[in-house]
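Listing of input.cif; format and content: mmCIF, C-alpha atoms (C1' of nucleotides).
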```cif
data_my_file
#
loop_
_atom_site.label_atom_id
_atom_site.label_comp_id
_atom_site.auth_asym_id
_atom_site.auth_seq_id
_atom_site.Cartn_x
_atom_site.Cartn_y
_atom_site.Cartn_z
CA MET C 1 0.50 -49.28 -9.57
CA SER C 2 3.15 -51.06 -7.71
CA ASN C 3 2.87 -51.92 -4.12
CA LEU C 4 5.43 -49.42 -3.31
CA LYS C 5 6.21 -49.09 0.33
CA LEU C 6 6.12 -45.47 1.16
CA ARG C 7 8.39 -45.04 4.06
CA GLU C 8 8.09 -41.64 5.47
CA LEU C 9 11.03 -39.59 4.67
CA PRO C 10 12.28 -37.38 7.43
CA VAL C 11 10.94 -34.07 6.35
CA ILE C 12 13.42 -31.32 6.60
CA GLU C 13 11.63 -28.22 7.74
CA PRO C 14 10.98 -26.32 4.55
CA GLU C 15 13.70 -23.91 5.40
CA VAL C 16 12.25 -20.56 6.01
CA VAL C 17 13.10 -18.45 3.03
CA PRO C 18 15.98 -16.29 4.14
CA CYS C 19 14.92 -13.35 2.06
CA CYS C 20 16.46 -10.73 4.23
CA PRO C 21 17.93 -10.11 7.64
CA PRO C 22 15.60 -8.96 10.43
CA VAL C 23 14.72 -5.26 10.41
CA THR C 24 16.33 -4.79 13.76
CA SER C 25 19.69 -6.38 13.05
CA ALA C 26 21.18 -3.75 10.80
CA ALA C 27 20.32 -1.03 8.33
CA LEU C 28 18.50 -2.65 5.44
CA SER C 29 19.98 -2.50 1.98
CA GLU C 30 18.05 -0.83 -0.78
CA GLU C 31 17.47 -4.17 -2.43
CA ASP C 32 16.32 -6.02 0.67
CA SER C 33 13.99 -3.23 1.61
CA VAL C 34 12.25 -3.53 -1.74
CA LYS C 35 11.76 -7.27 -1.33
CA MET C 36 10.46 -6.95 2.20
CA ALA C 37 8.16 -4.09 1.32
CA ALA C 38 6.59 -6.22 -1.39
CA MET C 39 5.76 -8.94 1.11
CA PHE C 40 4.24 -6.56 3.61
CA LYS C 41 2.34 -4.79 0.88
CA ALA C 42 0.61 -8.03 0.02
CA LEU C 43 -0.88 -8.11 3.51
CA ALA C 44 -1.47 -4.39 3.72
CA ASP C 45 -5.09 -4.54 2.63
CA PRO C 46 -8.07 -5.55 4.78
CA VAL C 47 -9.73 -7.58 2.07
CA ARG C 48 -6.55 -9.49 1.24
CA LEU C 49 -5.94 -10.10 4.90
CA ARG C 50 -9.41 -11.56 5.33
CA LEU C 51 -9.09 -13.73 2.26
CA PHE C 52 -5.71 -14.94 3.42
CA SER C 53 -6.89 -15.75 6.92
CA ARG C 54 -9.87 -17.59 5.54
CA VAL C 55 -7.63 -19.79 3.47
CA ALA C 56 -5.15 -20.24 6.30
CA SER C 57 -7.76 -21.21 8.84
CA HIS C 58 -9.85 -23.37 6.54
CA GLU C 59 -10.09 -27.04 7.30
CA GLY C 60 -7.73 -29.15 5.29
CA GLY C 61 -5.45 -26.20 4.77
CA GLU C 62 -7.12 -25.23 1.56
CA ALA C 63 -10.23 -23.47 0.40
CA CYS C 64 -12.16 -23.11 -2.80
CA VAL C 65 -12.79 -19.54 -3.91
CA CYS C 66 -16.49 -20.11 -3.41
CA ASP C 67 -15.83 -20.86 0.26
CA ILE C 68 -14.17 -17.56 0.99
CA GLN C 69 -15.43 -15.01 -1.48
CA ASP C 70 -18.02 -13.50 0.79
CA VAL C 71 -15.96 -10.59 2.09
CA GLY C 72 -18.04 -7.67 0.92
CA VAL C 73 -16.54 -6.94 -2.47
CA SER C 74 -17.42 -8.10 -5.96
CA GLN C 75 -16.23 -11.39 -7.38
CA PRO C 76 -13.74 -9.84 -9.79
CA THR C 77 -12.23 -7.92 -6.92
CA VAL C 78 -11.82 -11.10 -4.91
CA SER C 79 -10.09 -12.68 -7.88
CA HIS C 80 -7.86 -9.65 -8.21
CA HIS C 81 -6.75 -9.86 -4.60
CA LEU C 82 -6.16 -13.60 -4.73
CA LYS C 83 -3.93 -12.99 -7.72
CA LYS C 84 -1.92 -10.46 -5.74
CA LEU C 85 -1.48 -12.90 -2.89
CA ARG C 86 -0.37 -15.54 -5.38
CA GLU C 87 2.11 -13.21 -7.01
CA ALA C 88 3.51 -12.31 -3.62
CA GLY C 89 4.17 -15.98 -2.98
CA LEU C 90 1.75 -16.17 -0.08
CA LEU C 91 -0.82 -18.43 -1.69
CA ALA C 92 -0.76 -21.20 -4.24
CA SER C 93 -3.71 -22.19 -6.39
CA GLU C 94 -4.80 -25.32 -8.14
CA ARG C 95 -7.78 -25.96 -10.37
CA ARG C 96 -9.75 -29.11 -9.66
CA GLY C 97 -12.66 -29.52 -12.00
CA THR C 98 -14.90 -26.53 -11.81
CA TRP C 99 -13.32 -25.11 -8.70
CA VAL C 100 -10.05 -23.44 -7.88
CA TYR C 101 -8.47 -24.19 -4.54
CA TYR C 102 -6.08 -21.95 -2.67
CA ARG C 103 -3.65 -22.90 0.05
CA VAL C 104 -1.04 -21.08 2.06
CA GLU C 105 2.45 -21.40 0.66
CA PRO C 106 4.40 -23.11 3.42
CA GLY C 107 7.19 -21.25 5.15
CA VAL C 108 6.35 -17.75 4.08
CA LEU C 109 4.54 -16.78 7.22
CA ALA C 110 7.39 -17.93 9.41
CA ALA C 111 9.79 -16.11 7.13
CA MET C 112 7.92 -12.87 7.50
CA ALA C 113 7.67 -13.31 11.25
CA GLY C 114 11.43 -13.80 11.24
CA LEU C 115 11.91 -10.43 9.62
CA LEU C 116 10.22 -8.86 12.61
CA ALA C 117 12.26 -10.77 15.12
CA THR C 118 13.28 -8.62 18.03
CA ALA C 119 16.99 -8.73 18.60
CA ARG C 120 16.42 -9.00 22.31
CA MET V 1 11.02 -17.53 49.09
CA SER V 2 13.21 -14.86 47.93
CA ASN V 3 16.77 -14.33 48.50
CA LEU V 4 16.02 -12.10 45.67
CA LYS V 5 17.68 -8.83 46.35
CA LEU V 6 16.34 -6.13 44.23
CA ARG V 7 19.23 -5.51 42.06
CA GLU V 8 17.33 -6.14 38.98
CA LEU V 9 13.71 -6.87 38.72
CA PRO V 10 12.87 -9.79 36.53
CA VAL V 11 11.47 -8.00 33.58
CA ILE V 12 8.17 -9.35 32.44
CA GLU V 13 8.09 -9.13 28.71
CA PRO V 14 6.19 -5.92 27.99
CA GLU V 15 3.12 -7.82 27.04
CA VAL V 16 2.73 -7.83 23.36
CA VAL V 17 -0.22 -5.72 22.37
CA PRO V 18 -2.97 -8.21 21.59
CA CYS V 19 -4.41 -6.27 18.71
CA CYS V 20 -5.80 -9.24 16.92
CA PRO V 21 -5.65 -13.01 16.74
CA PRO V 22 -3.09 -14.59 14.41
CA VAL V 23 -4.08 -14.72 10.76
CA THR V 24 -3.98 -18.47 10.80
CA SER V 25 -6.19 -19.11 13.82
CA ALA V 26 -9.54 -18.14 12.38
CA ALA V 27 -11.22 -15.98 9.78
CA LEU V 28 -10.41 -12.38 10.61
CA SER V 29 -13.22 -10.00 11.46
CA GLU V 30 -13.76 -6.96 9.31
CA GLU V 31 -12.58 -4.74 12.15
CA ASP V 32 -9.44 -6.70 12.98
CA SER V 33 -8.46 -6.92 9.34
CA VAL V 34 -8.53 -3.13 9.10
CA LYS V 35 -6.28 -2.73 12.14
CA MET V 36 -3.82 -5.31 10.96
CA ALA V 37 -3.73 -3.95 7.45
CA ALA V 38 -2.82 -0.53 8.83
CA MET V 39 0.18 -1.97 10.65
CA PHE V 40 1.44 -3.86 7.62
CA LYS V 41 0.84 -0.87 5.41
CA ALA V 42 3.22 1.16 7.55
CA LEU V 43 6.01 -1.26 6.66
CA ALA V 44 4.91 -1.74 3.07
CA ASP V 45 7.26 0.85 1.64
CA PRO V 46 10.98 0.44 0.98
CA VAL V 47 11.90 3.87 2.25
CA ARG V 48 9.92 3.46 5.46
CA LEU V 49 11.42 0.04 5.96
CA ARG V 50 14.92 1.43 5.64
CA LEU V 51 14.23 4.32 7.96
CA PHE V 52 12.71 1.97 10.48
CA SER V 53 15.58 -0.47 10.36
CA ARG V 54 18.05 2.34 10.73
CA VAL V 55 16.37 3.50 13.89
CA ALA V 56 15.95 -0.02 15.19
CA SER V 57 19.56 -0.95 14.64
CA HIS V 58 21.06 2.33 15.77
CA GLU V 59 23.23 2.32 18.83
CA GLY V 60 21.42 3.35 21.95
CA GLY V 61 18.11 2.37 20.45
CA GLU V 62 17.47 5.80 19.09
CA ALA V 63 18.54 7.96 16.19
CA CYS V 64 18.35 11.58 15.24
CA VAL V 65 16.76 12.30 11.89
CA CYS V 66 20.08 13.60 10.66
CA ASP V 67 21.63 10.18 11.34
CA ILE V 68 19.24 8.28 9.12
CA GLN V 69 17.93 10.63 6.49
CA ASP V 70 20.30 9.55 3.76
CA VAL V 71 18.04 7.06 2.04
CA GLY V 72 17.81 8.56 -1.41
CA VAL V 73 14.78 10.79 -1.10
CA SER V 74 14.39 14.44 -0.18
CA GLN V 75 14.37 15.54 3.39
CA PRO V 76 10.64 16.46 3.43
CA THR V 77 9.87 12.98 2.16
CA VAL V 78 11.87 11.47 4.98
CA SER V 79 9.89 13.55 7.43
CA HIS V 80 6.66 12.42 5.79
CA HIS V 81 7.55 8.76 6.18
CA LEU V 82 8.68 9.17 9.76
CA LYS V 83 5.32 10.72 10.49
CA LYS V 84 3.57 7.71 9.01
CA LEU V 85 5.62 5.38 11.14
CA ARG V 86 4.79 7.47 14.19
CA GLU V 87 1.09 7.46 13.40
CA ALA V 88 1.19 3.71 12.97
CA GLY V 89 2.60 3.40 16.47
CA LEU V 90 5.88 1.93 15.29
CA LEU V 91 8.13 4.82 16.24
CA ALA V 92 8.12 7.49 18.93
CA SER V 93 9.83 10.84 18.62
CA GLU V 94 11.21 13.35 21.03
CA ARG V 95 12.76 16.72 20.45
CA ARG V 96 15.99 17.46 22.27
CA GLY V 97 17.33 20.87 21.49
CA THR V 98 17.86 21.26 17.82
CA TRP V 99 17.44 17.59 17.03
CA VAL V 100 14.55 15.17 16.96
CA TYR V 101 15.23 11.62 18.07
CA TYR V 102 13.27 8.57 17.02
CA ARG V 103 13.08 5.23 18.76
CA VAL V 104 11.20 2.01 18.17
CA GLU V 105 8.01 1.74 20.16
CA PRO V 106 8.57 -1.32 22.35
CA GLY V 107 6.42 -4.38 21.83
CA VAL V 108 4.99 -3.57 18.46
CA LEU V 109 7.39 -5.69 16.48
CA ALA V 110 6.74 -8.72 18.63
CA ALA V 111 3.03 -8.06 18.33
CA MET V 112 3.20 -8.02 14.56
CA ALA V 113 5.30 -11.16 14.53
CA GLY V 114 2.63 -12.75 16.68
CA LEU V 115 0.01 -12.03 14.07
CA LEU V 116 1.98 -14.15 11.66
CA ALA V 117 2.42 -17.01 14.08
CA THR V 118 2.03 -20.31 12.32
CA ALA V 119 -0.33 -22.68 14.08
CA ARG V 120 1.89 -25.51 12.92
"C1'" DC G 1 17.65 41.46 17.30
"C1'" DA G 2 19.26 38.84 12.93
"C1'" DC G 3 20.96 34.63 11.20
"C1'" DC G 4 21.67 29.73 10.72
"C1'" DT G 5 20.52 24.79 11.08
"C1'" DG G 6 17.36 20.82 11.75
"C1'" DC G 7 12.95 19.35 10.97
"C1'" DT G 8 7.92 19.74 9.70
"C1'" DT G 9 4.03 21.29 7.00
"C1'" DC G 10 1.92 22.82 2.66
"C1'" DG G 11 0.57 22.46 -2.09
"C1'" DA G 12 0.99 20.38 -6.32
"C1'" DC G 13 1.78 16.64 -9.44
"C1'" DG G 14 2.05 11.93 -11.43
"C1'" DT G 15 1.60 7.18 -10.43
"C1'" DC G 16 -0.27 3.30 -8.15
"C1'" DT G 17 -4.25 0.73 -6.35
"C1'" DG G 18 -8.89 -0.95 -5.16
"C1'" DT G 19 -13.18 -1.26 -7.10
"C1'" DC G 20 -16.84 -2.35 -10.39
"C1'" DA G 21 -19.49 -3.93 -14.68
"C1'" DA G 22 -18.78 -6.31 -18.72
"C1'" DT G 23 -16.68 -9.86 -20.89
"C1'" DA G 24 -13.95 -14.06 -21.53
"C1'" DC G 25 -12.65 -18.62 -20.31
"C1'" DA G 26 -12.86 -23.46 -18.28
"C1'" DG G 27 -15.25 -27.45 -17.16
"C1'" DG G 28 -19.44 -30.23 -16.09
"C1'" DA G 29 -24.35 -31.42 -17.33
"C1'" DG G 30 -27.84 -32.17 -20.44
"C1'" DC W 1 -23.18 -28.95 -29.41
"C1'" DT W 2 -25.63 -25.73 -25.95
"C1'" DC W 3 -26.34 -24.08 -21.49
"C1'" DC W 4 -24.90 -23.16 -16.88
"C1'" DT W 5 -21.76 -22.28 -13.04
"C1'" DG W 6 -17.33 -20.93 -11.13
"C1'" DT W 7 -13.31 -18.16 -11.82
"C1'" DA W 8 -10.20 -14.94 -14.37
"C1'" DT W 9 -9.29 -10.94 -17.32
"C1'" DT W 10 -10.29 -6.38 -19.29
"C1'" DG W 11 -11.18 -1.54 -19.15
"C1'" DA W 12 -12.48 2.46 -16.77
"C1'" DC W 13 -12.46 5.52 -12.93
"C1'" DA W 14 -11.95 7.69 -8.32
"C1'" DG W 15 -9.22 8.03 -4.51
"C1'" DA W 16 -4.91 7.04 -2.06
"C1'" DC W 17 0.04 7.47 -2.00
"C1'" DG W 18 5.03 8.86 -2.74
"C1'" DT W 19 7.55 12.56 -4.20
"C1'" DC W 20 9.28 17.22 -4.63
"C1'" DG W 21 10.17 22.43 -3.90
"C1'" DA W 22 8.83 26.14 -1.15
"C1'" DA W 23 7.58 27.92 2.93
"C1'" DG W 24 7.09 27.61 8.01
"C1'" DC W 25 8.64 26.79 12.67
"C1'" DA W 26 11.76 25.68 16.65
"C1'" DG W 27 15.93 26.25 18.91
"C1'" DG W 28 20.78 27.67 19.22
"C1'" DT W 29 24.42 31.36 18.40
"C1'" DG W 30 26.19 35.77 17.86
#
```

As structure tokens, what does this structure read like?
Amino acid sequence: MSNLKLRELPVIEPEVVPCCPPVTSAALSEEDSVKMAAMFKALADPVRLRLFSRVASHEGGEACVCDIQDVGVSQPTVSHHLKKLREAGLLASERRGTWVYYRVEPGVLAAMAGLLATAR
Amino acid sequence: MSNLKLRELPVIEPEVVPCCPPVTSAALSEEDSVKMAAMFKALADPVRLRLFSRVASHEGGEACVCDIQDVGVSQPTVSHHLKKLREAGLLASERRGTWVYYRVEPGVLAAMAGLLATAR
DNA sequence: CACCTGCTTCGACGTCTGTCAATACAGGAG
DNA sequence: CTCCTGTATTGACAGACGTCGAAGCAGGTG
């Protein structure tokens, strides 16, 4: 391991994924509407929303499944929902030993908020 | 302190409905997650998204059903989706003569965007 | 009144989705 | 290796959802 001097690189803001234009700017294309709908659908379930917020608000920016799985549904169901959130690009997961940790994929939230931007 | 002649009142932003705290701030309560999920669910369909964006981007801020109903599904289906959007509090409708006009319910979009606010 | 147009409601149908129990898999401990 | 714990996958099932055609209703026109 070299004594490599890690200067901090100026981090360019992980540019908010420009999936689609804001809903208010113009009539959405068929294609864009499908993409956007998929993102909203991922958050359109109470259980998923709770899981997501638990990960998002967890210290260190990540949470092990065992930390957040107490949301009133069975363990397989929790796993199912986490998979959906992963597939939607909202969460990322990593296995470390026995446990699997989830963290919020950076940028996505801001991107979604941008879709709702009021033209005003 | 006012040489402020009432030509135009300084418009206070129609305070964004504070339905729930942002997803990132803390673990969502069961109740809040249900409310939020309902709002996202309303936008979690391509057809609804297109209808909504057509209303939102229409000149004058409102659109008659006949202006926006060409989205590839039957007319009853359009009506069905508009009803959902109405029930979700995203659109308001008003009948004027033969036609029914829809407009975006003010504030809701900003409110939803607020739910996605990144703590950063 | 009868007729037409714009929109909504009804009823039915197929597909999608959330849920669970059972099972499988991965990794650490003994 | 065997056992145990944490997580994912499978399979099944009920209920929710998007869609349509048909019928209903509201308002304008003659």

Expansion of the PyMOL selection byres ((chain V) within 7 of (chain W)) into residues, as a CSV table (one decimal) with C-alpha atoms, in the frame of the given file:
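The resulting file, expr_34.csv, is shown below:
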```csv
chain,number,residue,atom,x,y,z
V,77,THR,CA,9.9,13.0,2.2
V,97,GLY,CA,17.3,20.9,21.5
V,98,THR,CA,17.9,21.3,17.8
```

> What does the distance between CA of Val65 (chain C) and CA of Ser53 (chain C) come to in Å, to one decimal place?
Replying inline: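 About the pair CA of Val65 (chain C) and CA of Ser53 (chain C): they are 12.9 Å apart.
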
Can you check which residues of chain C have any atom within 10 Å of chain G? Use only C-alpha atoms (C1' of nucleotides) and format it as a short mmCIF file (atom, residue, chain, number, x, y, z; two decimals) with C-alpha atoms, in the coordinates of the input.
```cif
data_model
loop_
_atom_site.label_atom_id
_atom_site.label_comp_id
_atom_site.auth_asym_id
_atom_site.auth_seq_id
_atom_site.Cartn_x
_atom_site.Cartn_y
_atom_site.Cartn_z
CA ASP C 45 -5.09 -4.54 2.63
CA VAL C 47 -9.73 -7.58 2.07
CA VAL C 73 -16.54 -6.94 -2.47
CA SER C 74 -17.42 -8.10 -5.96
CA GLN C 75 -16.23 -11.39 -7.38
CA PRO C 76 -13.74 -9.84 -9.79
CA THR C 77 -12.23 -7.92 -6.92
CA HIS C 80 -7.86 -9.65 -8.21
CA HIS C 81 -6.75 -9.86 -4.60
CA ARG C 95 -7.78 -25.96 -10.37
CA ARG C 96 -9.75 -29.11 -9.66
CA GLY C 97 -12.66 -29.52 -12.00
CA THR C 98 -14.90 -26.53 -11.81
CA TRP C 99 -13.32 -25.11 -8.70
#
```

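Interatomic distance, CA of Leu109 (chain C) against CA of Leu116 (chain V): 5.8 Å.
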
Any chance you could lay chain V over chain C, fitting all C-alpha atoms in order by least squares, and write the moved chain as a compact mmCIF listing (two decimals) with C-alpha atoms, keeping the file's coordinate frame?
```
# COMPACT_ATOMS: atom_id res chain seq x y z
CA MET V 1 20.84 -48.50 8.48
CA SER V 2 17.36 -48.47 7.42
CA ASN V 3 14.62 -50.70 8.30
CA LEU V 4 12.90 -47.79 6.85
CA LYS V 5 10.28 -49.07 4.54
CA LEU V 6 9.07 -46.45 2.24
CA ARG V 7 5.67 -45.97 3.52
CA GLU V 8 6.17 -42.39 4.13
CA LEU V 9 9.18 -40.40 3.31
CA PRO V 10 10.39 -38.20 6.09
CA VAL V 11 9.35 -34.87 4.78
CA ILE V 12 12.07 -32.31 4.87
CA GLU V 13 10.49 -29.02 5.69
CA PRO V 14 10.03 -27.33 2.32
CA GLU V 15 12.93 -25.06 2.94
CA VAL V 16 11.72 -21.67 3.81
CA VAL V 17 12.50 -19.27 1.02
CA PRO V 18 15.52 -17.33 2.23
CA CYS V 19 14.46 -14.04 0.76
CA CYS V 20 16.28 -11.92 3.24
CA PRO V 21 17.99 -11.99 6.60
CA PRO V 22 15.88 -11.29 9.69
CA VAL V 23 15.20 -7.64 10.41
CA THR V 24 17.03 -7.88 13.68
CA SER V 25 20.27 -9.43 12.46
CA ALA V 26 21.74 -6.49 10.61
CA ALA V 27 20.87 -3.31 8.77
CA LEU V 28 18.78 -4.29 5.77
CA SER V 29 20.07 -3.54 2.30
CA GLU V 30 18.07 -1.29 0.05
CA GLU V 31 17.22 -4.25 -2.17
CA ASP V 32 16.16 -6.60 0.61
CA SER V 33 14.03 -3.93 2.23
CA VAL V 34 12.08 -3.54 -1.00
CA LYS V 35 11.41 -7.27 -1.25
CA MET V 36 10.35 -7.57 2.34
CA ALA V 37 8.16 -4.51 2.18
CA ALA V 38 6.32 -6.02 -0.77
CA MET V 39 5.50 -9.14 1.23
CA PHE V 40 4.25 -7.21 4.23
CA LYS V 41 2.30 -4.87 2.02
CA ALA V 42 0.35 -7.83 0.67
CA LEU V 43 -0.92 -8.53 4.18
CA ALA V 44 -1.32 -4.89 5.13
CA ASP V 45 -4.99 -4.70 4.28
CA PRO V 46 -7.89 -5.99 6.39
CA VAL V 47 -9.79 -7.41 3.46
CA ARG V 48 -6.77 -9.23 2.08
CA LEU V 49 -5.98 -10.54 5.53
CA ARG V 50 -9.47 -11.94 5.89
CA LEU V 51 -9.45 -13.50 2.45
CA PHE V 52 -6.08 -15.03 3.14
CA SER V 53 -7.09 -16.44 6.49
CA ARG V 54 -10.23 -17.87 5.00
CA VAL V 55 -8.24 -19.74 2.41
CA ALA V 56 -5.61 -20.80 4.90
CA SER V 57 -8.12 -22.15 7.38
CA HIS V 58 -10.45 -23.74 4.86
CA GLU V 59 -10.84 -27.47 4.93
CA GLY V 60 -8.70 -29.24 2.41
CA GLY V 61 -6.30 -26.34 2.28
CA GLU V 62 -8.10 -24.71 -0.57
CA ALA V 63 -11.19 -22.63 -1.17
CA CYS V 64 -13.26 -21.57 -4.11
CA VAL V 65 -13.78 -17.84 -4.47
CA CYS V 66 -17.47 -18.36 -3.85
CA ASP V 67 -16.65 -19.86 -0.44
CA ILE V 68 -14.78 -16.82 0.82
CA GLN V 69 -16.05 -13.80 -1.03
CA ASP V 70 -18.42 -12.64 1.66
CA VAL V 71 -16.16 -10.13 3.34
CA GLY V 72 -18.15 -6.96 2.92
CA VAL V 73 -16.84 -5.64 -0.37
CA SER V 74 -18.00 -6.10 -3.94
CA GLN V 75 -17.08 -9.15 -5.90
CA PRO V 76 -14.69 -7.30 -8.27
CA THR V 77 -12.87 -5.96 -5.24
CA VAL V 78 -12.48 -9.46 -3.88
CA SER V 79 -11.01 -10.52 -7.19
CA HIS V 80 -8.66 -7.55 -7.12
CA HIS V 81 -7.33 -8.47 -3.69
CA LEU V 82 -6.93 -12.12 -4.57
CA LYS V 83 -4.86 -11.03 -7.52
CA LYS V 84 -2.62 -9.00 -5.25
CA LEU V 85 -2.13 -11.96 -2.97
CA ARG V 86 -1.30 -14.12 -5.97
CA GLU V 87 1.19 -11.60 -7.30
CA ALA V 88 2.83 -11.43 -3.90
CA GLY V 89 3.35 -15.18 -4.02
CA LEU V 90 1.11 -15.83 -1.04
CA LEU V 91 -1.67 -17.65 -2.85
CA ALA V 92 -1.90 -19.88 -5.91
CA SER V 93 -5.02 -20.32 -8.00
CA GLU V 94 -6.34 -22.99 -10.26
CA ARG V 95 -9.45 -23.12 -12.36
CA ARG V 96 -11.54 -26.27 -12.15
CA GLY V 97 -14.59 -26.12 -14.31
CA THR V 98 -16.70 -23.18 -13.40
CA TRP V 99 -14.85 -22.43 -10.18
CA VAL V 100 -11.47 -21.04 -9.29
CA TYR V 101 -9.74 -22.48 -6.25
CA TYR V 102 -7.15 -20.72 -4.15
CA ARG V 103 -4.61 -22.27 -1.83
CA VAL V 104 -1.80 -20.96 0.32
CA GLU V 105 1.58 -21.12 -1.34
CA PRO V 106 3.59 -23.42 0.92
CA GLY V 107 6.55 -22.03 2.81
CA VAL V 108 5.85 -18.36 2.45
CA LEU V 109 4.28 -17.92 5.84
CA ALA V 110 7.18 -19.58 7.58
CA ALA V 111 9.55 -17.46 5.54
CA MET V 112 7.85 -14.27 6.63
CA ALA V 113 7.82 -15.41 10.23
CA GLY V 114 11.54 -16.02 9.88
CA LEU V 115 12.10 -12.43 8.88
CA LEU V 116 10.68 -11.40 12.21
CA ALA V 117 12.77 -13.83 14.19
CA THR V 118 14.01 -12.24 17.37
CA ALA V 119 17.72 -12.70 17.93
CA ARG V 120 16.98 -12.90 21.63
```

Select from chain V every residue with an atom at most 8 Å from any atom of chain C, then for each give the shortest pair of atoms and their distance in Å to one decimal, using all atoms listed in the file, rows by chain and rising number, as a tab-separated table.
```
residue	atom	partner	partner_atom	distance
V:Val23	CA	C:Ser53	CA	4.9
V:Thr24	CA	C:Ala56	CA	5.0
V:Ser25	CA	C:Ser57	CA	5.6
V:Ala26	CA	C:Ser57	CA	5.0
V:Ala27	CA	C:Arg54	CA	4.7
V:Leu28	CA	C:Arg50	CA	5.4
V:Ser29	CA	C:Arg50	CA	7.4
V:Glu30	CA	C:Pro46	CA	7.4
V:Ser33	CA	C:Pro46	CA	4.8
V:Val34	CA	C:Pro46	CA	5.0
V:Met36	CA	C:Pro46	CA	7.5
V:Ala37	CA	C:Ala44	CA	4.4
V:Ala38	CA	C:Ala44	CA	6.5
V:Met39	CA	C:Ala44	CA	7.5
V:Phe40	CA	C:Ala44	CA	4.9
V:Lys41	CA	C:Ala44	CA	4.5
V:Leu43	CA	C:Phe40	CA	6.4
V:Ala44	CA	C:Ala37	CA	4.4
V:Asp45	CA	C:Ala37	CA	5.0
V:Pro46	CA	C:Ser33	CA	4.8
V:Val47	CA	C:Ser33	CA	7.4
V:Leu49	CA	C:Ser33	CA	6.0
V:Arg50	CA	C:Leu28	CA	5.4
V:Phe52	CA	C:Val23	CA	7.5
V:Ser53	CA	C:Val23	CA	4.9
V:Arg54	CA	C:Ala27	CA	4.7
V:Ala56	CA	C:Thr24	CA	5.0
V:Ser57	CA	C:Ala26	CA	5.0
V:His58	CA	C:Ala26	CA	7.9
V:Leu109	CA	C:Leu116	CA	5.7
V:Ala110	CA	C:Thr118	CA	6.6
V:Met112	CA	C:Leu116	CA	7.3
V:Ala113	CA	C:Ala113	CA	4.6
V:Gly114	CA	C:Ala113	CA	7.4
V:Leu116	CA	C:Leu109	CA	5.8
V:Ala117	CA	C:Ala110	CA	6.9
V:Thr118	CA	C:Ala110	CA	6.5
```

For the residues in the current selection, export C-alpha atoms as a compact mmCIF listing (two decimals), in the coordinates of the input.
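Result file is part_3.txt:
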```
# COMPACT_ATOMS: atom_id res chain seq x y z
CA VAL V 23 -4.08 -14.72 10.76
CA THR V 24 -3.98 -18.47 10.80
CA SER V 25 -6.19 -19.11 13.82
CA ALA V 26 -9.54 -18.14 12.38
CA ALA V 27 -11.22 -15.98 9.78
CA LEU V 28 -10.41 -12.38 10.61
CA SER V 29 -13.22 -10.00 11.46
CA GLU V 30 -13.76 -6.96 9.31
CA SER V 33 -8.46 -6.92 9.34
CA VAL V 34 -8.53 -3.13 9.10
CA MET V 36 -3.82 -5.31 10.96
CA ALA V 37 -3.73 -3.95 7.45
CA ALA V 38 -2.82 -0.53 8.83
CA MET V 39 0.18 -1.97 10.65
CA PHE V 40 1.44 -3.86 7.62
CA LYS V 41 0.84 -0.87 5.41
CA LEU V 43 6.01 -1.26 6.66
CA ALA V 44 4.91 -1.74 3.07
CA ASP V 45 7.26 0.85 1.64
CA PRO V 46 10.98 0.44 0.98
CA VAL V 47 11.90 3.87 2.25
CA LEU V 49 11.42 0.04 5.96
CA ARG V 50 14.92 1.43 5.64
CA PHE V 52 12.71 1.97 10.48
CA SER V 53 15.58 -0.47 10.36
CA ARG V 54 18.05 2.34 10.73
CA ALA V 56 15.95 -0.02 15.19
CA SER V 57 19.56 -0.95 14.64
CA HIS V 58 21.06 2.33 15.77
CA LEU V 109 7.39 -5.69 16.48
CA ALA V 110 6.74 -8.72 18.63
CA MET V 112 3.20 -8.02 14.56
CA ALA V 113 5.30 -11.16 14.53
CA GLY V 114 2.63 -12.75 16.68
CA LEU V 116 1.98 -14.15 11.66
CA ALA V 117 2.42 -17.01 14.08
CA THR V 118 2.03 -20.31 12.32
```

>> What's the separation between CA of Pro18 (chain V) and CA of Lys84 (chain V), in Å to one decimal place?
In response: 21.3 Å

>> Could you list, as a ChimeraX atom specification, every residue within 7 Å of region 90-94 of chain V, counting all atoms listed in the file and ignoring same-chain residues fewer than 6 positions away?
In response: /V:100-105,108
